[in-house]
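J.: query-v8.txt is reproduced below (compact mmCIF, N, CA and C atoms and all ligand atoms).
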# COMPACT_ATOMS: atom_id res chain seq x y z
N MET A 913 -132.14 36.33 -10.90
CA MET A 913 -131.49 36.62 -12.17
C MET A 913 -131.29 35.31 -12.95
N THR A 914 -131.66 35.30 -14.25
CA THR A 914 -131.45 34.10 -15.07
C THR A 914 -130.04 34.15 -15.67
N ILE A 915 -129.63 33.04 -16.28
CA ILE A 915 -128.33 33.03 -16.96
C ILE A 915 -128.30 34.11 -18.04
N GLU A 916 -129.41 34.23 -18.79
CA GLU A 916 -129.44 35.19 -19.89
C GLU A 916 -129.29 36.63 -19.38
N THR A 917 -130.04 36.99 -18.33
CA THR A 917 -129.92 38.37 -17.84
C THR A 917 -128.56 38.61 -17.20
N SER A 918 -127.99 37.58 -16.62
CA SER A 918 -126.67 37.70 -16.02
C SER A 918 -125.61 37.95 -17.10
N VAL A 919 -125.69 37.19 -18.22
CA VAL A 919 -124.74 37.38 -19.33
C VAL A 919 -124.93 38.77 -19.93
N LEU A 920 -126.19 39.17 -20.07
CA LEU A 920 -126.47 40.50 -20.63
C LEU A 920 -125.86 41.59 -19.75
N ALA A 921 -126.06 41.49 -18.45
CA ALA A 921 -125.55 42.52 -17.54
C ALA A 921 -124.02 42.56 -17.55
N ARG A 922 -123.41 41.37 -17.61
CA ARG A 922 -121.94 41.30 -17.58
C ARG A 922 -121.33 41.97 -18.81
N TYR A 923 -121.90 41.67 -20.00
CA TYR A 923 -121.34 42.24 -21.22
C TYR A 923 -121.76 43.69 -21.42
N SER A 924 -122.91 44.09 -20.87
CA SER A 924 -123.25 45.53 -20.92
C SER A 924 -122.24 46.32 -20.12
N ALA A 925 -121.86 45.80 -18.96
CA ALA A 925 -120.84 46.47 -18.15
C ALA A 925 -119.54 46.58 -18.95
N GLY A 926 -119.21 45.51 -19.69
CA GLY A 926 -117.98 45.50 -20.49
C GLY A 926 -118.03 46.45 -21.67
N ALA A 927 -119.24 46.74 -22.15
CA ALA A 927 -119.37 47.70 -23.26
C ALA A 927 -119.18 49.12 -22.76
N HIS A 928 -119.54 49.36 -21.50
CA HIS A 928 -119.46 50.72 -20.96
C HIS A 928 -118.09 51.04 -20.39
N SER A 929 -117.45 50.07 -19.78
CA SER A 929 -116.09 50.31 -19.28
C SER A 929 -115.28 49.03 -19.36
N VAL A 930 -113.98 49.17 -19.48
CA VAL A 930 -113.10 48.00 -19.65
C VAL A 930 -113.16 47.13 -18.41
N GLN A 931 -113.43 45.83 -18.62
CA GLN A 931 -113.51 44.86 -17.52
C GLN A 931 -112.34 43.88 -17.68
N ALA A 932 -111.27 44.16 -16.98
CA ALA A 932 -110.04 43.37 -17.16
C ALA A 932 -110.27 41.88 -16.88
N ASP A 933 -111.11 41.55 -15.91
CA ASP A 933 -111.29 40.14 -15.55
C ASP A 933 -112.27 39.40 -16.46
N LEU A 934 -112.79 40.09 -17.48
CA LEU A 934 -113.70 39.45 -18.43
C LEU A 934 -112.92 38.95 -19.65
N CYS A 935 -111.64 39.25 -19.68
CA CYS A 935 -110.83 39.01 -20.87
C CYS A 935 -109.93 37.78 -20.72
N CYS A 936 -109.86 36.99 -21.80
CA CYS A 936 -108.88 35.90 -21.82
C CYS A 936 -107.68 36.40 -22.61
N PRO A 937 -106.46 36.22 -22.10
CA PRO A 937 -105.30 36.68 -22.86
C PRO A 937 -105.09 35.83 -24.12
N VAL A 938 -105.22 36.46 -25.27
CA VAL A 938 -105.07 35.77 -26.55
C VAL A 938 -104.13 36.59 -27.41
N ASP A 939 -103.26 35.92 -28.14
CA ASP A 939 -102.37 36.61 -29.06
C ASP A 939 -103.06 36.71 -30.42
N TYR A 940 -103.33 37.93 -30.88
CA TYR A 940 -103.97 38.13 -32.17
C TYR A 940 -102.92 38.49 -33.21
N ASP A 941 -103.27 38.30 -34.49
CA ASP A 941 -102.41 38.74 -35.58
C ASP A 941 -102.39 40.27 -35.55
N ARG A 942 -101.29 40.82 -35.09
CA ARG A 942 -101.20 42.26 -34.86
C ARG A 942 -101.40 43.08 -36.14
N SER A 943 -101.07 42.49 -37.30
CA SER A 943 -101.24 43.26 -38.55
C SER A 943 -102.72 43.54 -38.82
N LEU A 944 -103.61 42.66 -38.29
CA LEU A 944 -105.05 42.87 -38.52
C LEU A 944 -105.66 43.81 -37.48
N LEU A 945 -104.89 44.12 -36.44
CA LEU A 945 -105.40 45.02 -35.40
C LEU A 945 -105.03 46.47 -35.67
N ALA A 946 -104.08 46.68 -36.59
CA ALA A 946 -103.52 48.02 -36.78
C ALA A 946 -104.57 49.07 -37.13
N LEU A 947 -105.60 48.67 -37.90
CA LEU A 947 -106.62 49.63 -38.34
C LEU A 947 -107.72 49.85 -37.31
N LEU A 948 -107.76 49.02 -36.27
CA LEU A 948 -108.91 49.05 -35.36
C LEU A 948 -108.81 50.17 -34.32
N PRO A 949 -109.94 50.80 -34.01
CA PRO A 949 -109.96 51.80 -32.95
C PRO A 949 -109.56 51.15 -31.61
N GLN A 950 -108.84 51.88 -30.80
CA GLN A 950 -108.35 51.33 -29.53
C GLN A 950 -109.50 50.86 -28.63
N GLU A 951 -110.64 51.56 -28.70
CA GLU A 951 -111.76 51.18 -27.83
C GLU A 951 -112.27 49.78 -28.16
N ILE A 952 -112.27 49.43 -29.45
CA ILE A 952 -112.71 48.09 -29.87
C ILE A 952 -111.75 47.04 -29.31
N ILE A 953 -110.49 47.34 -29.32
CA ILE A 953 -109.49 46.40 -28.80
C ILE A 953 -109.60 46.29 -27.27
N ASP A 954 -109.76 47.43 -26.62
CA ASP A 954 -109.81 47.45 -25.15
C ASP A 954 -111.06 46.76 -24.61
N LYS A 955 -112.18 46.87 -25.35
CA LYS A 955 -113.44 46.32 -24.87
C LYS A 955 -113.83 45.03 -25.60
N ASP A 956 -112.83 44.33 -26.09
CA ASP A 956 -113.09 43.04 -26.69
C ASP A 956 -112.77 41.97 -25.65
N TYR A 957 -113.64 40.98 -25.55
CA TYR A 957 -113.45 39.96 -24.52
C TYR A 957 -113.40 38.57 -25.15
N GLY A 958 -112.76 38.51 -26.31
CA GLY A 958 -112.70 37.26 -27.05
C GLY A 958 -111.73 36.25 -26.45
N CYS A 959 -111.90 35.01 -26.85
CA CYS A 959 -111.10 33.92 -26.30
C CYS A 959 -110.35 33.15 -27.36
N GLY A 960 -110.23 33.70 -28.56
CA GLY A 960 -109.50 32.98 -29.59
C GLY A 960 -109.44 33.80 -30.87
N ASP A 961 -108.42 33.53 -31.67
CA ASP A 961 -108.25 34.24 -32.94
C ASP A 961 -108.48 33.27 -34.10
N PRO A 962 -109.67 33.35 -34.74
CA PRO A 962 -109.97 32.42 -35.84
C PRO A 962 -109.49 32.92 -37.20
N SER A 963 -108.71 34.00 -37.22
CA SER A 963 -108.40 34.66 -38.50
C SER A 963 -107.64 33.75 -39.47
N ARG A 964 -106.89 32.75 -38.95
CA ARG A 964 -106.14 31.89 -39.88
C ARG A 964 -107.06 31.01 -40.72
N TYR A 965 -108.31 30.89 -40.33
CA TYR A 965 -109.25 30.07 -41.11
C TYR A 965 -110.00 30.87 -42.17
N VAL A 966 -109.80 32.20 -42.17
CA VAL A 966 -110.58 33.07 -43.06
C VAL A 966 -109.81 33.33 -44.36
N LYS A 967 -110.52 33.15 -45.50
CA LYS A 967 -109.88 33.32 -46.80
C LYS A 967 -110.60 34.39 -47.63
N THR A 968 -109.92 34.86 -48.67
CA THR A 968 -110.51 35.83 -49.60
C THR A 968 -111.86 35.32 -50.10
N ASP A 969 -112.84 36.22 -50.14
CA ASP A 969 -114.20 35.96 -50.64
C ASP A 969 -115.06 35.08 -49.72
N ASP A 970 -114.57 34.70 -48.55
CA ASP A 970 -115.39 33.94 -47.61
C ASP A 970 -116.58 34.78 -47.12
N ILE A 971 -117.62 34.06 -46.68
CA ILE A 971 -118.70 34.69 -45.93
C ILE A 971 -118.54 34.22 -44.48
N VAL A 972 -118.30 35.16 -43.59
CA VAL A 972 -118.00 34.84 -42.19
C VAL A 972 -119.17 35.23 -41.30
N LEU A 973 -119.59 34.31 -40.43
CA LEU A 973 -120.65 34.60 -39.47
C LEU A 973 -120.06 34.50 -38.06
N ASP A 974 -120.04 35.61 -37.34
CA ASP A 974 -119.52 35.63 -35.97
C ASP A 974 -120.71 35.68 -35.02
N LEU A 975 -121.00 34.54 -34.40
CA LEU A 975 -122.12 34.46 -33.46
C LEU A 975 -121.62 34.86 -32.07
N GLY A 976 -122.12 35.96 -31.56
CA GLY A 976 -121.60 36.52 -30.31
C GLY A 976 -120.43 37.43 -30.63
N SER A 977 -120.70 38.41 -31.49
CA SER A 977 -119.61 39.22 -32.07
C SER A 977 -119.08 40.31 -31.16
N GLY A 978 -119.78 40.59 -30.07
CA GLY A 978 -119.28 41.55 -29.08
C GLY A 978 -118.92 42.90 -29.68
N SER A 979 -117.72 43.38 -29.37
CA SER A 979 -117.29 44.69 -29.86
C SER A 979 -117.03 44.69 -31.36
N GLY A 980 -117.00 43.52 -31.98
CA GLY A 980 -116.82 43.43 -33.43
C GLY A 980 -115.36 43.26 -33.85
N LYS A 981 -114.49 43.03 -32.90
CA LYS A 981 -113.07 42.92 -33.25
C LYS A 981 -112.82 41.85 -34.31
N ILE A 982 -113.36 40.66 -34.09
CA ILE A 982 -113.15 39.58 -35.07
C ILE A 982 -113.77 39.95 -36.42
N CYS A 983 -114.93 40.61 -36.38
CA CYS A 983 -115.57 41.03 -37.64
C CYS A 983 -114.67 42.00 -38.40
N TYR A 984 -114.11 42.96 -37.68
CA TYR A 984 -113.24 43.94 -38.34
C TYR A 984 -111.97 43.29 -38.86
N MET A 985 -111.46 42.29 -38.14
CA MET A 985 -110.28 41.57 -38.61
C MET A 985 -110.64 40.74 -39.85
N ALA A 986 -111.76 40.03 -39.79
CA ALA A 986 -112.18 39.16 -40.89
C ALA A 986 -112.48 39.97 -42.15
N ALA A 987 -113.03 41.17 -41.97
CA ALA A 987 -113.37 42.01 -43.13
C ALA A 987 -112.13 42.31 -43.96
N GLN A 988 -111.01 42.47 -43.30
CA GLN A 988 -109.77 42.75 -44.03
C GLN A 988 -109.32 41.52 -44.82
N LEU A 989 -109.64 40.33 -44.33
CA LEU A 989 -109.20 39.10 -44.98
C LEU A 989 -110.11 38.68 -46.13
N VAL A 990 -111.42 38.87 -45.98
CA VAL A 990 -112.34 38.41 -47.04
C VAL A 990 -112.31 39.35 -48.23
N GLY A 991 -112.00 40.62 -47.99
CA GLY A 991 -111.92 41.58 -49.09
C GLY A 991 -113.29 41.96 -49.64
N ASP A 992 -113.26 42.67 -50.77
CA ASP A 992 -114.50 43.21 -51.36
C ASP A 992 -115.46 42.12 -51.82
N GLY A 993 -114.95 40.93 -52.15
CA GLY A 993 -115.80 39.85 -52.64
C GLY A 993 -116.42 39.02 -51.53
N GLY A 994 -116.03 39.26 -50.30
CA GLY A 994 -116.56 38.49 -49.18
C GLY A 994 -117.57 39.27 -48.38
N LYS A 995 -117.97 38.67 -47.27
CA LYS A 995 -118.97 39.31 -46.41
C LYS A 995 -118.73 38.86 -44.98
N VAL A 996 -118.95 39.77 -44.04
CA VAL A 996 -118.81 39.43 -42.62
C VAL A 996 -120.08 39.87 -41.90
N ILE A 997 -120.66 38.95 -41.12
CA ILE A 997 -121.90 39.23 -40.41
C ILE A 997 -121.66 38.98 -38.92
N GLY A 998 -121.89 39.99 -38.10
CA GLY A 998 -121.77 39.84 -36.66
C GLY A 998 -123.15 39.83 -36.03
N VAL A 999 -123.36 38.89 -35.11
CA VAL A 999 -124.64 38.77 -34.41
C VAL A 999 -124.36 38.77 -32.91
N ASP A 1000 -125.10 39.59 -32.19
CA ASP A 1000 -124.93 39.60 -30.73
C ASP A 1000 -126.27 39.92 -30.09
N MET A 1001 -126.51 39.36 -28.91
CA MET A 1001 -127.80 39.60 -28.21
C MET A 1001 -127.76 40.87 -27.37
N ASN A 1002 -126.58 41.48 -27.27
CA ASN A 1002 -126.44 42.60 -26.35
C ASN A 1002 -126.41 43.93 -27.11
N ASP A 1003 -127.43 44.76 -26.91
CA ASP A 1003 -127.53 46.03 -27.64
C ASP A 1003 -126.37 46.97 -27.34
N ASP A 1004 -125.84 46.92 -26.13
CA ASP A 1004 -124.70 47.78 -25.78
C ASP A 1004 -123.46 47.37 -26.56
N MET A 1005 -123.25 46.06 -26.71
CA MET A 1005 -122.11 45.58 -27.50
C MET A 1005 -122.31 45.93 -28.99
N LEU A 1006 -123.53 45.78 -29.47
CA LEU A 1006 -123.80 46.13 -30.88
C LEU A 1006 -123.57 47.61 -31.12
N ALA A 1007 -123.97 48.45 -30.16
CA ALA A 1007 -123.76 49.90 -30.29
C ALA A 1007 -122.27 50.21 -30.36
N LEU A 1008 -121.49 49.52 -29.54
CA LEU A 1008 -120.04 49.72 -29.55
C LEU A 1008 -119.46 49.30 -30.91
N ALA A 1009 -119.88 48.15 -31.41
CA ALA A 1009 -119.37 47.65 -32.70
C ALA A 1009 -119.75 48.60 -33.83
N ARG A 1010 -120.98 49.17 -33.77
CA ARG A 1010 -121.46 50.04 -34.85
C ARG A 1010 -120.89 51.45 -34.76
N LYS A 1011 -120.40 51.81 -33.60
CA LYS A 1011 -119.89 53.17 -33.37
C LYS A 1011 -118.82 53.56 -34.40
N TYR A 1012 -118.05 52.56 -34.83
CA TYR A 1012 -116.95 52.84 -35.76
C TYR A 1012 -117.25 52.37 -37.17
C1 LIG A 1101 -116.45 36.87 -25.31
S1 LIG A 1101 -117.46 37.93 -26.38
C2 LIG A 1101 -116.79 37.39 -27.93
C3 LIG A 1101 -116.50 38.50 -28.90
C4 LIG A 1101 -115.89 38.06 -30.24
N1 LIG A 1101 -116.71 37.07 -30.93
C5 LIG A 1101 -114.48 37.53 -30.08
O1 LIG A 1101 -114.27 36.32 -30.14
O2 LIG A 1101 -113.56 38.34 -29.88
C6 LIG A 1101 -119.00 37.04 -26.24
C7 LIG A 1101 -120.22 37.79 -26.83
O3 LIG A 1101 -121.23 36.80 -27.04
C8 LIG A 1101 -122.50 37.40 -26.77
N2 LIG A 1101 -123.45 36.32 -26.49
C9 LIG A 1101 -123.43 35.44 -25.47
N3 LIG A 1101 -124.45 34.58 -25.56
C10 LIG A 1101 -125.14 34.91 -26.69
C11 LIG A 1101 -126.32 34.39 -27.33
N4 LIG A 1101 -126.98 33.35 -26.82
N5 LIG A 1101 -126.74 34.98 -28.47
C12 LIG A 1101 -126.07 36.04 -29.01
N6 LIG A 1101 -124.95 36.59 -28.44
C13 LIG A 1101 -124.51 36.02 -27.30
C14 LIG A 1101 -122.24 38.34 -25.60
O4 LIG A 1101 -123.19 39.37 -25.54
C15 LIG A 1101 -120.81 38.84 -25.91
O5 LIG A 1101 -120.84 40.09 -26.57
The structure in this file should be written as structure tokens.
Ligand SMILES: C[S@@+](CC[C@H](N)C(=O)[O-])C[C@H]1O[C@@H](n2cnc3c(N)ncnc32)[C@H](O)[C@@H]1O

T.:
Amino acid sequence: MTIETSVLARYSAGAHSVQADLCCPVDYDRSLLALLPQEIIDKDYGCGDPSRYVKTDDIVLDLGSGSGKICYMAAQLVGDGGKVIGVDMNDDMLALARKY
């Protein structure tokens, strides 16, 4: 198994069921989580909240966007004049992000 296939397998497992040990405990701005589906929150394995750096009309690129939690949070901050782009190598994670 290569590093790439190992990372793919690990995050595919996380897209299908919640993997508690894949998650870093991070405090997010709860006001930006209120609109998010619970599944996106439960299956997010992020390690930091960059939302304080995001401003109205920004164009945000999330490389390794996973379940899309940061994208959904950033979309609320950039507003109609901004744009948020999520990129991920894992089709299972992309399917989860697109589900909602
Ligand atoms: C820990 S999650 C981060 C999710 C989100 N960005 C956050 O901070 O909450 C990491 C994601 O990065 C993706 N990833 C890892 N290496 C990648 C690569 N080389 N190219 C694209 N995506 C990658 C994984 O598939 C996984 O969904």

J.: List all protein, DNA and RNA residues that have an atom no more than 6.5 Å from any atom of ligand LIG 1101 (chain A), counting all atoms listed in the file, and report them as a list of chain:residue names.

T.: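 Counting all atoms listed in the file, the residues within 6.5 Å of ligand LIG 1101 (chain A) come out as A:Val919, A:Leu920, A:Tyr923, A:Asp956, A:Tyr957, A:Gly958, A:Cys959, A:Gly960, A:Asp974, A:Leu975, A:Gly976, A:Ser977, A:Gly978, A:Ser979, A:Gly980, A:Lys981, A:Ile982, A:Val999, A:Asp1000, A:Met1001, A:Asn1002, A:Met1005.
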
J.: I'd like to know which of A:Asp954, A:Lys967, A:Leu944, A:Arg1010 is closest to Gly991 (chain A), using only N, CA and C atoms.

T.: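 Checking each candidate against Gly991 (chain A), we get A:Lys967 as the closest.
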
J.: Please, which residues of chain A, numbered as in this document, come out alpha helix (DSSP H) from DSSP, as an MDAnalysis selection string?

T.: chainID A and resid 915:928 942:945 950:954 981:990 1003:1011

J.: I need the residues of chain A that end up classed as strand (DSSP E or B) by DSSP on the backbone, written out as a ChimeraX atom specification.

T.: /A:971-975,995-999

J.: In terms of the shortest atom-to-atom distance over only C-alpha atoms, which of A:Val972, A:Ala927, A:Ala946, A:Ile953 is closest to Leu1006 (chain A)?

T.: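 Ranked by minimum distance to Leu1006 (chain A), first place goes to A:Ala927.
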
J.: Atom C of Gly993 (chain A) and atom N of Tyr940 (chain A), how far apart in Å?

T.: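 A separation of 24.5 Å between them.
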
J.: Leaving out Leu973 (chain A) and any residue of its chain fewer than 3 positions from it, which residues lie within 8 Å of it when counting only C-alpha atoms, given as a list in words?

T.: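 Non-adjacent residues within range: Val996, Ile997, Gly998 and Val999 of chain A.
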
J.: So the first atom is CA of Tyr984 (chain A) and the second is atom C of Ser963 (chain A); what is the distance between them in Å, to one decimal place?

T.: 11.7 Å

J.: In Å, with one decimal, what is the gap from atom N of Cys983 (chain A) to atom N of Pro962 (chain A)?

T.: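 Rounded to one decimal, the two atoms are 9.1 Å apart.
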
J.: Of the candidates A:Asp970, A:Asp1003, A:Asp961, A:Asp992, which shows the shortest atom-to-atom distance to Asp939 (chain A), using only C-alpha atoms?

T.: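 Among the listed residues, A:Asp961 lies closest to Asp939 (chain A).
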